[in-house]
Amino acid sequence: MSVARGKVVAGYGNMITASFDTQVRQNEVAYVITGDRRLKCEVIRVRDDVCNMQVFEDTRGIKVGDAVEFTGDLLVVELGPGLLGRIYDGLQNPLPELAKESGLFLKRGVYLKGLDRDRTWEFTPAAGAGETVRAGSVLGTVPEGIFTHKIFVPFNFIGTGKIKSIMGPGSYKVDEVAARVEDDRGNSHDITFVQEWPIKIPLRHYRERLLPEEPLVTGCRIIDTFYPVAKGGTSCIPGPFGSGKTVLQQIISRYADVDIIIVAACGERAGEVVETLRDFPHLLDPYTGKTLMERTIIICNTSSMPVAAREASIYTAITLGEYYRQMGLGVLILADSTSRWAQALREMSGRLEEIPGEEAFPAYLQSRIAEFYERAALVRLEDGSTGSVSVIGTVSPAGGNFEEPVTQGTLAVVGAFLGLTWARSNARRFPAIDPLISWSKYLDQMKETLDKIAPGWISKVRDAQRLINDGSEIRKRMDVVGEEGTSMADFVLYLKTEFLDSVYLQQNAFDPVDAYNTMERQVYSFSKVTEVLKKDITAKDKDEARNIFFRLTSLFRNWNSAEWKGEAFSQYERQINEFLGS
Ligand SMILES: Nc1ncnc2c1ncn2[C@@H]1O[C@H](COP(=O)(O)OP(=O)(O)OP(=O)(O)O)[C@@H](O)[C@H]1O
Ligand SMILES: [Mg+2]
């Protein structure tokens, strides 16, 4: 297809309207030529002989009459070895390298390749000349950190092909020709370690989607025990301003039992993003002892970067995730915050003068949210192995009002809802996930797996959840009638729920031991907590009851901070058992 050329005819914010000569298509990438700069844009609507494009850059200086070069290509990312450990913007420009190139203030119109062209990789072929291949066939592997990175026949390869030649074991750069493949029509293709894939099209080279039934252990007790998330599943963390969404995501990124973490920091304040960039590279991986960054990719767009790049960033993140899923790995995407992404959609829609839906969000907001979360999945790959992409997205509703369209649209599609509230964060009950509003469909969906981890697990958890609701009812009544008007039985029940909350739902992120609990430890300590909840506790008056629970709470808190099965651990456990036996 020949590519079109055009001219700028109008501009509005970071949206411009351009005329074109031949043909352009929806979501095609184009460049506006302004002075000596080429600014990247994406076509978002084509109408007769003009099209609307969103510019991924500051649009200052663009004039009516400026030339536009269309590319005929969709917005793509580069896939290949060397993605891990990198920090990119929403268009896969490596940020540290970009900063080196253009100084402290990023220059407009400077684009760098996503993958390093100079680095070499130790290639081991996995196929030979004469073999028949198709899209997604594995040509060989290179080690990337602790993983075996597969080199695939590009996923956009059409039909079948025959390997004409393939290079032997050795070290190569990503651009070198790894294999020559002839397709059905007799055309020869040079295949390198790099391939491109359009970010808005899901990478679906697998045999089937499977129902997620294995827990994704985050180390966070209230999540894993009460509102579990699944490998290949989706969850959201909505929470008002400052309720702890970002801290919670950081905790999860540190401890989640997945192979690869992709953090999409999307439209957060620059200061917060700088913190992520500064802290992340120093975090140690609790599983490998190396730095966490070696199995992490950060996609980062601050609120001061143009909206269009923000819109692209979550697609870039999920495409990279899908790529590693093809290698049979488990990937977790943490998107913070999807509200800023939705705001980008709203801004663009406003400029296109589309008919607005609720709160001026476009009418297609819900379907865009659904399309994004649907890309998460546990899949069976062509070779029979499985891989997963899980998504945990935060939502920041204005004023903490969960009735707004982004929260509601997300709620409708995710499998778990971990709602943070001010009530909890103001009371410094962290993580501020509110048990009164949160839920997870995975608790039942993963019943078989969970009951294998601990027999009768689900019913124990359900009992505790019910108890929390009862406790909250008693609390509300007590607020009206006071302690004197509350029966002893109700009062003890209330104290039990407070105890459960303090020693199990809350977790101290800054205590090296308490910050993270393995599933084994959760099962162990939850069963002790349950014993307390089930025990008949008698006291002569409310003060005595309060004292008993005060002692118990501090005992369990100390137990929580004690090294798993260490000396202190056993000591506190003995004291707990003494109480339970009394
Ligand atoms: N698990 C935790 N333990 C202790 N303190 C916490 C925890 N989570 C959050 N906080 C406190 O709450 C503050 C705000 O948290 P955070 O920045 O994660 O909120 P946020 O919901 O991401 O806010 P925003 O809406 O501004 O993005 C933190 O700086 C910290 O002091
Ligand atoms: Mg935040």
# chains A, B, ... in the order shown; residues from 1 in each chain; ligands from 1
$ residues_near_ligand --ligand "ligand 2" --cutoff "8 Å" --atoms "only C-alpha atoms and all ligand atoms" --output "ChimeraX atom specification"
/A:241-242,244-247,268,272,336-337
$ residues_near_ligand --ligand "ligand 1" --cutoff "10 Å" --atoms "only C-alpha atoms and all ligand atoms" --output "MDAnalysis selection string"
chainID A and resid 220 237:251 267:269 272 336:337 394:400 420:422 425:426 428:433 506:511 515
$ select_by_dssp --residues "range 339-472 of chain A" --states "strand (DSSP E or B)" --output "number ranges by chain"
A: 356, 362, 377-380, 386-395, 416-417, 420, 433, 439-440
$ residues_around --residues "Ile199 in chain A" --least-positions-apart "6" --cutoff "6 Å" --atoms "only C-alpha atoms" --output "PyMOL selection string"
chain A and resi 76+315-316+319
$ closest_residue --among "A:Gly232, A:Gly145, A:Pro306, A:Gly328" --to "His205 in chain A" --atoms "only C-alpha atoms"
A:Gly328
$ atom_distance --atom1 "CA of Phe556 in chain A" --atom2 "CA of Pro286 in chain A"
23.9 Å
$ residues_around --residues "Tyr255 in chain A" --least-positions-apart "3" --cutoff "12 Å" --atoms "only C-alpha atoms" --output "PyMOL selection string"
chain A and resi 216-221+224+248-252+258-261+283-288+292+332+509+512+515-519
$ atom_distance --atom1 "CA of Glu359 in chain A" --atom2 "CA of Ala308 in chain A"
20.0 Å
$ atom_distance --atom1 "CA of Asn401 in chain A" --atom2 "CA of Ser367 in chain A"
21.0 Å
$ residues_around --residues "Ile44 in chain A" --least-positions-apart "2" --cutoff "12 Å" --atoms "only C-alpha atoms" --output "PyMOL selection string"
chain A and resi 15-18+24-30+41-42+46-47+50-55+74-75+308+311+345+348-349+351-352
$ write_last_selection --atoms "N, CA and C atoms" --output "compact mmCIF listing (two decimals), in the first residue's frame"
# COMPACT_ATOMS: atom_id res chain seq x y z
N MET A 15 -5.00 17.76 19.48
CA MET A 15 -5.60 17.09 18.35
C MET A 15 -5.48 17.98 17.12
N ILE A 16 -5.07 17.41 16.02
CA ILE A 16 -5.03 18.20 14.81
C ILE A 16 -5.84 17.52 13.72
N THR A 17 -6.30 18.35 12.80
CA THR A 17 -7.04 17.82 11.66
C THR A 17 -6.15 17.97 10.44
N ALA A 18 -6.07 16.92 9.62
CA ALA A 18 -5.20 16.97 8.46
C ALA A 18 -5.93 16.47 7.23
N VAL A 24 -5.93 6.90 4.21
CA VAL A 24 -5.35 6.63 5.53
C VAL A 24 -6.31 5.73 6.27
N ARG A 25 -5.79 5.03 7.28
CA ARG A 25 -6.69 4.17 8.04
C ARG A 25 -6.67 4.52 9.52
N GLN A 26 -7.74 4.11 10.17
CA GLN A 26 -7.91 4.33 11.59
C GLN A 26 -6.70 3.78 12.36
N ASN A 27 -6.21 4.54 13.34
CA ASN A 27 -5.10 4.15 14.20
C ASN A 27 -3.74 4.04 13.52
N GLU A 28 -3.66 4.55 12.29
CA GLU A 28 -2.37 4.59 11.60
C GLU A 28 -1.48 5.66 12.25
N VAL A 29 -0.19 5.42 12.22
CA VAL A 29 0.75 6.40 12.77
C VAL A 29 1.16 7.40 11.69
N ALA A 30 1.27 8.66 12.06
CA ALA A 30 1.70 9.69 11.10
C ALA A 30 2.67 10.63 11.80
N CYS A 41 2.10 11.06 15.70
CA CYS A 41 0.66 11.17 15.96
C CYS A 41 -0.01 9.84 15.61
N GLU A 42 -1.25 9.73 16.05
CA GLU A 42 -2.03 8.56 15.68
C GLU A 42 -3.36 9.05 15.11
N VAL A 46 -11.24 9.03 10.76
CA VAL A 46 -11.13 9.42 9.36
C VAL A 46 -12.52 9.80 8.88
N ARG A 47 -12.62 10.98 8.26
CA ARG A 47 -13.93 11.43 7.78
C ARG A 47 -13.75 12.03 6.42
N VAL A 50 -10.62 14.30 5.30
CA VAL A 50 -9.76 14.76 6.41
C VAL A 50 -9.74 13.71 7.51
N CYS A 51 -8.70 13.80 8.34
CA CYS A 51 -8.66 12.88 9.48
C CYS A 51 -8.25 13.66 10.72
N ASN A 52 -8.65 13.13 11.89
CA ASN A 52 -8.23 13.72 13.15
C ASN A 52 -7.10 12.87 13.70
N MET A 53 -6.10 13.56 14.22
CA MET A 53 -4.96 12.82 14.75
C MET A 53 -4.64 13.35 16.15
N GLN A 54 -4.28 12.45 17.05
CA GLN A 54 -3.80 12.92 18.34
C GLN A 54 -2.27 12.92 18.29
N VAL A 55 -1.71 14.03 18.76
CA VAL A 55 -0.25 14.17 18.71
C VAL A 55 0.29 13.70 20.05
N LEU A 74 0.22 0.70 12.06
CA LEU A 74 -0.42 0.96 13.35
C LEU A 74 0.66 1.24 14.38
N LEU A 75 0.23 1.77 15.53
CA LEU A 75 1.16 2.04 16.61
C LEU A 75 1.67 0.70 17.15
N ALA A 308 -2.24 11.84 24.99
CA ALA A 308 -2.27 10.75 24.02
C ALA A 308 -1.27 9.66 24.38
N GLU A 311 -2.69 7.56 26.99
CA GLU A 311 -3.67 6.61 26.50
C GLU A 311 -2.96 5.37 25.97
N LEU A 345 -9.04 9.49 27.53
CA LEU A 345 -10.09 9.16 26.55
C LEU A 345 -11.13 10.27 26.50
N MET A 348 -9.88 13.37 24.61
CA MET A 348 -9.86 13.17 23.17
C MET A 348 -11.27 13.18 22.61
N SER A 349 -12.17 12.53 23.33
CA SER A 349 -13.54 12.45 22.86
C SER A 349 -14.17 13.85 22.81
N ARG A 351 -12.62 16.65 22.29
CA ARG A 351 -12.08 17.39 21.15
C ARG A 351 -12.66 16.90 19.84
N LEU A 352 -13.05 15.63 19.81
CA LEU A 352 -13.67 15.10 18.58
C LEU A 352 -15.14 15.51 18.51
$ residues_around --residues "Arg209 in chain A" --least-positions-apart "3" --cutoff "10 Å" --atoms "only C-alpha atoms" --output "PyMOL selection string"
chain A and resi 204+206+212+232+376-381+386-388
$ residues_around --residues "Tyr373 in chain A" --least-positions-apart "6" --cutoff "12 Å" --atoms "only C-alpha atoms" --output "ChimeraX atom specification"
/A:202,232-236,314-315,318,333-335,338,366-367,389-393,409-416
$ write_last_selection --atoms "C-alpha atoms" --output "compact mmCIF listing (two decimals), in the first residue's frame"
# COMPACT_ATOMS: atom_id res chain seq x y z
CA PRO A 202 -4.47 -8.50 21.47
CA GLY A 232 -4.62 -14.80 34.69
CA GLY A 233 -7.37 -12.87 36.45
CA THR A 234 -8.25 -9.22 36.86
CA SER A 235 -8.77 -7.05 39.89
CA CYS A 236 -9.13 -3.41 40.65
CA ILE A 314 -1.54 0.83 29.19
CA TYR A 315 -1.74 -0.85 25.78
CA ILE A 318 -0.29 -5.22 28.22
CA ILE A 333 0.45 -5.82 35.01
CA LEU A 334 -0.03 -3.12 37.61
CA ALA A 335 -1.80 -0.14 36.08
CA THR A 338 -6.68 3.71 35.04
CA GLN A 366 -17.18 0.83 29.32
CA SER A 367 -16.27 -1.19 26.24
CA VAL A 389 -1.22 -12.21 32.20
CA SER A 390 -2.94 -10.85 35.31
CA VAL A 391 -4.02 -7.26 35.69
CA ILE A 392 -4.46 -5.20 38.83
CA GLY A 393 -5.57 -1.68 38.04
CA GLY A 409 -17.21 0.27 34.32
CA THR A 410 -14.28 -1.51 35.93
CA LEU A 411 -16.40 -3.22 38.56
CA ALA A 412 -18.48 -4.76 35.82
CA VAL A 413 -15.56 -6.61 34.28
CA VAL A 414 -13.02 -7.51 36.98
CA GLY A 415 -12.96 -10.64 39.10
CA ALA A 416 -11.99 -8.96 42.36
$ select_by_dssp --residues "range 54-165 of chain A" --states "helix (DSSP H, G or I)" --output "count of residues only"
8
$ closest_residue --among "A:Ser339, A:Ala464, A:Glu122, A:Asp257" --to "Thr148 in chain A" --atoms "only C-alpha atoms"
A:Glu122
